[in-house]
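Let me begin by presenting the structure, written as structure tokens, before commenting on it.
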Amino acid sequence: MTAISTVPGPSHRAVRVWLFAVAALIALMVLVGGATRLTESGLSIVEWRPVTGTLPPLDQGQWQRAFEAYKQIPQYQKLNAGMTLSEFKTIFWWEWSHRLLGRAIGAIYLLPFLYFLWRGTIGGELKRRLWLIFGLGALQGAVGWWMVASGLSERVEVSQYRLATHLVLALLIFAAIVWTLRRLDDRPPLSAPARLKLTSMVLLVLTFVQLYLGALVAGLRAGLVYNTWPDIDGGLIPSGARLWFEQPWWRNLFENTLTVQFEHRITAYALFALAALHAFDAVTSRAGAAARGALWLLAAVTLQAVLGILTLLNQVPIGLALSHQAVAIVVLTLAVLQAERLSERQAGLASRDIATPVSQAG
């Protein structure tokens with residue numbers, strides 16, 4: 001007969017390697033998406049063909065048809081009129097690579113997951129979490145097309161609202177996988193003051209807010225204006241008339257380039273201050289692993305702030321912009337790890353929900 005061992009073994013390692021690979025690919029996907037946006041490539045493919053779109057144009061006729069389809073949208077007509085086929089191929093390959101990577105992540109997630117389910121390796125809470133993550137991933141594909149569709153008829157770029165939704169959903173999936181990976185370790189809970197647990201969660205939430213604002217800045221191309229620091233629009237705090245001229249007032253928070261860039265800066269200052277306070281508190285409380293985690297998080301937030309300032313002052317060169325985005329993923333990872341480290345937890349998922357079939361005479 002077959003018995004089930006709950007001692008972490010090959011199945012436990014396989015699940016961890018699988019989830020780590022998916023998380024790494026999502027991080028890569030975010031960076032490729034950033035490059036696609038920075039090179040103005042995201043609207044080069046004007047159809048959503050989840051299956052047949054896997055193949056790129058294979059002959060001159062197919063390339064010409066893809067180019068003619070791109071010529072029908074406002075971005076070509078208003079910004080890229082006169083573009084050659086060779087130039088079109090450059091932006092096409094960026095977008096095609098982005099979509100292909102998304103398809104690959106879906107397959108790399110789903111196929112091993114189904115195998116683990118078939119083998120009876122995964123159960124309980126872990127199985128429910130992983131199905132939820134899969135559902136979010138399927139939703140992300142639809143959100144990606146919803147974003148692209150916003151730039152195909154009346155606009156020359158995608159909606160900043162949809163861009164921000166697309167990015168934050170990708171990073172939410174990434175964070176959920178990182179959190180789950182941490183929960184696969186059986187570790188005793190840390191003894192730490194309640195305020196450390198609270199500030200770690202606030203840091204995680206504030207990180208997501210900052211990522212959303214960063215996506216709005218990118219969608220509005222707000223990094224190409226007000227390229228001074230620490231002043232902005234001639235002062236440390238812009239005039240109210242310039243910050244709030246859109247009606248109704250709330251539209252300024254999402255559509256006014258000055259307001260969006262300013263709130264991105266203010267949130268960065270708040271994130272840095274809270275990370276410094278959290279690190280000081282963790283160190284003085286002798287919180288062990290939590291103190292080390294807090295210091296690493298503060299270091300990453302500091303580096304991210306420096307890269308953000310340099311990116312702004314240099315008017316968003318692609319190298320600095322992608323470095324800024326890469327370190328944002330590092331900040332998110334460290335914030336997730338710190339929040340999970342300090343959160344309330346029961347026995348680890350490893351001992352409860354990953355089973356290793358073991359042959360046993362009966």
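By order in the structure tokens, chains are A, B, ...; within a chain, residues start at 1; ligands start at 1, following the order shown.
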
message: For Pro74 (chain A), find every residue with an atom within 7 Å (counting only C-alpha atoms), except residues of its own chain fewer than 2 positions away, and show them as a count of residues only.
response: 9

- prompt: Which residues, written as a list in words, have at least one atom at most 10 Å from Ala299 (chain A), with only C-alpha atoms counted and residues fewer than 6 positions away on the same chain left out?
  reply: Phe272, Ala275, Ala276, Ala279, Gly293, Ala305 and Val331 of chain A

- request: Find the residue from A:Val316, A:Ala287, A:Val17, A:Ala321 that sits nearest to Ser191 (chain A); use only C-alpha atoms when measuring.
  value: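 Ranking A:Val316, A:Ala287, A:Val17, A:Ala321 by distance to Ser191 (chain A), first place goes to A:Ala287.
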
field: Sel. of helix (DSSP H, G or I) residues, region 120-221 of chain A, as an MDAnalysis selection string
entry: chainID A and resid 124:149 160:183 194:220

message: Env of Leu204 (chain A): 10 Å cut, atoms = only C-alpha atoms, seq-sep filter 2 positions within chain, self excluded. Answer as a ChimeraX atom specification.
response: /A:175,199-202,206-210,271,331-340

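In terms of minimum interatomic distance to Leu167 (chain A), A:Gly214 ranks closest within A:Gly42, A:Pro189, A:Gly214, A:Pro56, counting only C-alpha atoms.
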
field: Non-local contacts of Leu303 (chain A) (12 Å; only C-alpha atoms; under 6 positions in same chain excluded) as a PyMOL selection string
entry: chain A and resi 268+272+296-297+309-310+323-328+330-331

message: What's the separation between CA of Leu216 (chain A) and CA of Phe88 (chain A), in Å to one decimal place?
response: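 Result for CA of Leu216 (chain A) versus CA of Phe88 (chain A): 26.2 Å, one decimal.
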
Just want the 12 Å neighbourhood of Arg65 (chain A), counted on only C-alpha atoms, with same-chain residues fewer than 6 positions away dropped. Output as a PDB file with N, CA and C atoms, in the first residue's frame.
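That gives us part25.pdb:
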ATOM      1  N   ILE A  45       1.149  45.048 -31.682  1.00  0.00           N
ATOM      2  CA  ILE A  45       0.323  43.891 -32.055  1.00  0.00           C
ATOM      3  C   ILE A  45      -1.110  44.246 -31.690  1.00  0.00           C
ATOM      4  N   VAL A  46      -1.967  44.372 -32.682  1.00  0.00           N
ATOM      5  CA  VAL A  46      -3.299  44.951 -32.461  1.00  0.00           C
ATOM      6  C   VAL A  46      -4.378  43.887 -32.319  1.00  0.00           C
ATOM      7  N   GLU A  47      -3.991  42.614 -32.238  1.00  0.00           N
ATOM      8  CA  GLU A  47      -4.961  41.541 -32.053  1.00  0.00           C
ATOM      9  C   GLU A  47      -4.582  40.721 -30.834  1.00  0.00           C
ATOM     10  N   PRO A  56       5.156  34.230 -34.483  1.00  0.00           N
ATOM     11  CA  PRO A  56       5.323  35.554 -35.101  1.00  0.00           C
ATOM     12  C   PRO A  56       5.109  35.442 -36.603  1.00  0.00           C
ATOM     13  N   PRO A  57       5.067  36.553 -37.318  1.00  0.00           N
ATOM     14  CA  PRO A  57       5.022  36.479 -38.781  1.00  0.00           C
ATOM     15  C   PRO A  57       6.200  35.660 -39.316  1.00  0.00           C
ATOM     16  N   LEU A  58       5.918  34.786 -40.290  1.00  0.00           N
ATOM     17  CA  LEU A  58       6.949  33.857 -40.772  1.00  0.00           C
ATOM     18  C   LEU A  58       7.422  34.168 -42.185  1.00  0.00           C
ATOM     19  N   ASP A  59       6.758  35.082 -42.874  1.00  0.00           N
ATOM     20  CA  ASP A  59       7.219  35.447 -44.210  1.00  0.00           C
ATOM     21  C   ASP A  59       6.921  36.926 -44.443  1.00  0.00           C
ATOM     22  N   LYS A  71      -0.791  50.224 -38.850  1.00  0.00           N
ATOM     23  CA  LYS A  71      -0.995  51.530 -39.470  1.00  0.00           C
ATOM     24  C   LYS A  71      -2.408  52.072 -39.277  1.00  0.00           C
ATOM     25  N   GLN A  72      -3.329  51.216 -38.882  1.00  0.00           N
ATOM     26  CA  GLN A  72      -4.724  51.647 -38.730  1.00  0.00           C
ATOM     27  C   GLN A  72      -5.003  52.303 -37.386  1.00  0.00           C
ATOM     28  N   LEU A  85       9.203  49.241 -42.300  1.00  0.00           N
ATOM     29  CA  LEU A  85       8.907  47.883 -41.846  1.00  0.00           C
ATOM     30  C   LEU A  85       9.978  47.392 -40.886  1.00  0.00           C
ATOM     31  N   PHE A  88       9.292  48.852 -37.575  1.00  0.00           N
ATOM     32  CA  PHE A  88       8.130  48.188 -36.994  1.00  0.00           C
ATOM     33  C   PHE A  88       8.519  46.839 -36.389  1.00  0.00           C
TER      34      PHE A  88
END

Nearby residues (only C-alpha atoms) at most 8 Å from Leu243 (chain A), same-chain spacing under 2 positions excluded, as a list in words: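 The neighbour list is Pro238, Ser239, Gly240, Ala241, Phe245, Asn252, Asn256, Leu258 and Thr259 of chain A.
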
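The residue that comes closest to Ala289 (chain A), out of A:Leu342, A:His12, A:Gln62, A:Gln261 and on the basis of only C-alpha atoms, is A:Leu342.
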
field: Proximity to Gly319 (chain A) - best of A:Leu224, A:Ile108, A:Leu38, A:Ala14, only C-alpha atoms
entry: A:Leu38

message: If I take CA of Pro112 (chain A) and CA of Arg99 (chain A), how far is one from the other in Å, to one decimal?
response: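 Value for the CA of Pro112 (chain A)-CA of Arg99 (chain A) distance: 20.6 Å.
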
- prompt: What does the distance between CA of Leu236 (chain A) and CA of Thr311 (chain A) come to in Å, to one decimal place?
  reply: 18.5 Å

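When only C-alpha atoms are used to compute distances to Val217 (chain A), the closest of the residues A:Leu172, A:Ala164, A:Ala273, A:Ala107 turns out to be A:Ala164.
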
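Across A:Thr121, A:Ser97, A:Gln315, A:Thr302, the tightest approach to Gly223 (chain A) is made by A:Gln315 when counting only C-alpha atoms.
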